[in-house]
Amino acid sequence: MSTKTPSDRRQFMKLCAGTAAAVAGYSESLVGATQPGEFFQRVKLLDDQRKPLLASALPVDKSHLFFYPFVSTPCFLIRLQTPIDQKVRLETVQGKKYDWPGGAGPDRQIVAFSAICAHKMSHPSTQVSFINYRTDEVQYTGKDRKFHRRSGLIHCCSEGSVYDPSKGAAVLGGPAPNPLASILLEHDPKTDELYAVGVAGETMFDSYFRFFSDRLRLEFKTDDVRAPASDAVPVVAADQYCRQQILC
Ligand code: FES
């Protein structure tokens with residue numbers, strides 16, 4: 001199911017395989033996917049000084065947030081402890097198949113996902129976040145019906161969905177029907193800068209704006225919460241953006 005309005009369609013290019021080859025290295029693995037990623041505007045990530053965020057300067061195992069592809073859609077940015085150089089084939093319950101290409105950056109440790117839970121769209125706000133990247137151990141019942149404890153996962157305390165950021169945010173447990181949508185990153189090895197270039201998977205953006213627009217207008221102080229992100233967006237530590245992180 002398409003999640004975009006006609007105005008959104010003007011903001012991105014859904015690339016055919018030939019055109020996608022022009023997009024730099026990291027996102028090329030989506031070319032071979034059954035359904036390629038949706039390439040939105042290319043946006044440079046900035047640090048807290050509003051200078052280009054350098055991939056090698058991003059702290060390991062710390063959750064960060066940025067807003068992409070729209071001004072009010074939150075995304076996790078995480079530098080995992082180990083390189084992720086394996087692509088993962090994922091499929092949504094809507095039948096959308098895509099290859100998550102692994103980590104970006106010099107050590108392929110950096111991953112990004114929509115921070116809108118694929119169950120009932122719990123997401124970080126300035127007041128509170130029930131969905132968080134966890135460096136402590138999370139307990140959950142897996143798809144194998146066994147009890148697990150693991151750190152380094154994204155956990156939504158609303159109803160207990162658990163996602164594995166080292167596997168494209170695939171669902172490990174809980175009621176979420178789909179992985180978190182993947183945010184496609186590019187790394188420029190010459191400058192060490194990072195860019196967000198697209199989205200793959202089930203984004204839920206239409207539902208998100210339908211349910212939360214009133215609150216988003218207040219939080220982002222704009223009537224146009226569905227405006228595309230600007231050419232460069234700041235990355236902030238999740239624990240600075242959210243007053244309270246619920247860690248159940
Ligand atoms: S909204 Fe995240 S588990 Fe229900």
# chains A, B, ... in the order shown; residues from 1 in each chain; ligands from 1
$ residues_near_ligand --ligand "ligand 1" --cutoff "6 Å" --atoms "only C-alpha atoms and all ligand atoms" --output "VMD selection string"
chain A and resid 117 119 to 122 156 158 to 161
$ residues_around --residues "range 210-223 of chain A" --least-positions-apart "5" --cutoff "10 Å" --atoms "only C-alpha atoms" --output "tab-separated table (two decimals) with N, CA and C atoms, in the first residue's frame"
chain	number	residue	atom	x	y	z
A	71	VAL	N	9.71	16.86	8.46
A	71	VAL	CA	10.23	17.62	9.60
A	71	VAL	C	9.81	17.04	10.95
A	72	SER	N	8.77	16.19	10.95
A	72	SER	CA	8.25	15.70	12.23
A	72	SER	C	8.28	14.18	12.35
A	73	THR	N	9.01	13.49	11.47
A	73	THR	CA	9.07	12.02	11.56
A	73	THR	C	10.42	11.61	12.16
A	121	MET	N	2.39	2.85	16.59
A	121	MET	CA	3.06	4.12	16.26
A	121	MET	C	3.52	4.93	17.47
A	125	SER	N	8.71	11.81	21.75
A	125	SER	CA	8.32	13.21	21.76
A	125	SER	C	9.26	13.93	22.73
A	126	THR	N	9.14	15.24	22.80
A	126	THR	CA	10.01	15.96	23.74
A	126	THR	C	9.69	15.60	25.18
A	127	GLN	N	8.44	15.18	25.43
A	127	GLN	CA	8.04	14.84	26.80
A	127	GLN	C	8.48	13.44	27.20
A	205	PHE	N	3.66	6.44	7.49
A	205	PHE	CA	3.61	7.91	7.59
A	205	PHE	C	2.18	8.45	7.48
$ select_by_dssp --residues "range 14-202 of chain A" --states "strand (DSSP E or B)" --output "JSON, numbers by chain"
{"A": [38, 39, 43, 44, 45, 46, 52, 54, 60, 63, 64, 65, 66, 67, 70, 74, 75, 76, 77, 78, 79, 88, 89, 90, 91, 97, 98, 99, 100, 104, 110, 111, 112, 113, 114, 128, 129, 131, 132, 133, 134, 138, 139, 140, 141, 142, 147, 148, 149, 150, 153, 154, 155, 156, 161, 162, 163, 164, 170, 171, 172, 173, 182, 183, 184, 185, 186, 187, 188, 193, 194, 195, 196, 197, 198, 199, 200]}
$ select_by_dssp --residues "range 30-244 of chain A" --states "helix (DSSP H, G or I)" --output "list in words"
Leu30, Val31, Gly32, Ala55, Ser56, Ala57, Pro165, Ser166, Lys167, Phe205, Asp206, Ser207, Tyr208, Phe209, Arg210, Phe211, Phe212, Ser213, Asp214, Arg215, Leu216, Arg217, Leu218, Glu219, Phe220, Ala238, Asp239, Gln240 and Tyr241 of chain A
$ closest_residue --among "A:Val162, A:Ala237, A:Ala200, A:Ile246" --to "Lys96 in chain A" --atoms "only C-alpha atoms"
A:Ala200
$ residues_around --residues "Pro52 in chain A" --least-positions-apart "5" --cutoff "9 Å" --atoms "only C-alpha atoms" --output "list in words"
Lys44, Leu45, Leu46, Asp47, Asp192, Glu193, Leu194, Ala232 and Pro234 of chain A
$ write_last_selection --atoms "C-alpha atoms" --output "CSV table (one decimal), in the first residue's frame"
chain,number,residue,atom,x,y,z
A,44,LYS,CA,23.2,15.9,5.4
A,45,LEU,CA,23.3,15.0,9.1
A,46,LEU,CA,24.7,17.6,11.5
A,47,ASP,CA,26.1,17.5,15.0
A,192,ASP,CA,33.4,11.2,6.7
A,193,GLU,CA,30.0,12.9,6.5
A,194,LEU,CA,26.7,11.1,6.7
A,232,ALA,CA,20.7,19.4,6.6
A,234,PRO,CA,20.6,18.1,13.4
$ atom_distance --atom1 "CA of Ser63 in chain A" --atom2 "CA of Leu80 in chain A"
9.5 Å
$ closest_residue --among "A:Leu184, A:Leu65, A:Ala118, A:Ile84" --to "Gln240 in chain A" --atoms "only C-alpha atoms"
A:Leu65
$ closest_residue --among "A:Ile154, A:Met204, A:Lys190, A:Pro124" --to "Gly174 in chain A" --atoms "only C-alpha atoms"
A:Ile154
$ closest_residue --among "A:Ala176, A:Ile116, A:Val111, A:Val197" --to "Phe40 in chain A" --atoms "only C-alpha atoms"
A:Val197
$ atom_distance --atom1 "CA of Pro83 in chain A" --atom2 "CA of Phe70 in chain A"
28.4 Å
$ closest_residue --among "A:Val235, A:Leu54, A:Leu90, A:Cys75" --to "Gly198 in chain A" --atoms "only C-alpha atoms"
A:Cys75
$ residues_around --residues "range 135-140 of chain A" --least-positions-apart "5" --cutoff "9 Å" --atoms "only C-alpha atoms" --output "ChimeraX atom specification"
/A:61-62,146-155,160-162,172-174,248
$ closest_residue --among "A:Val225, A:Gly102, A:Phe66, A:Gly95" --to "Asp206 in chain A" --atoms "only C-alpha atoms"
A:Val225
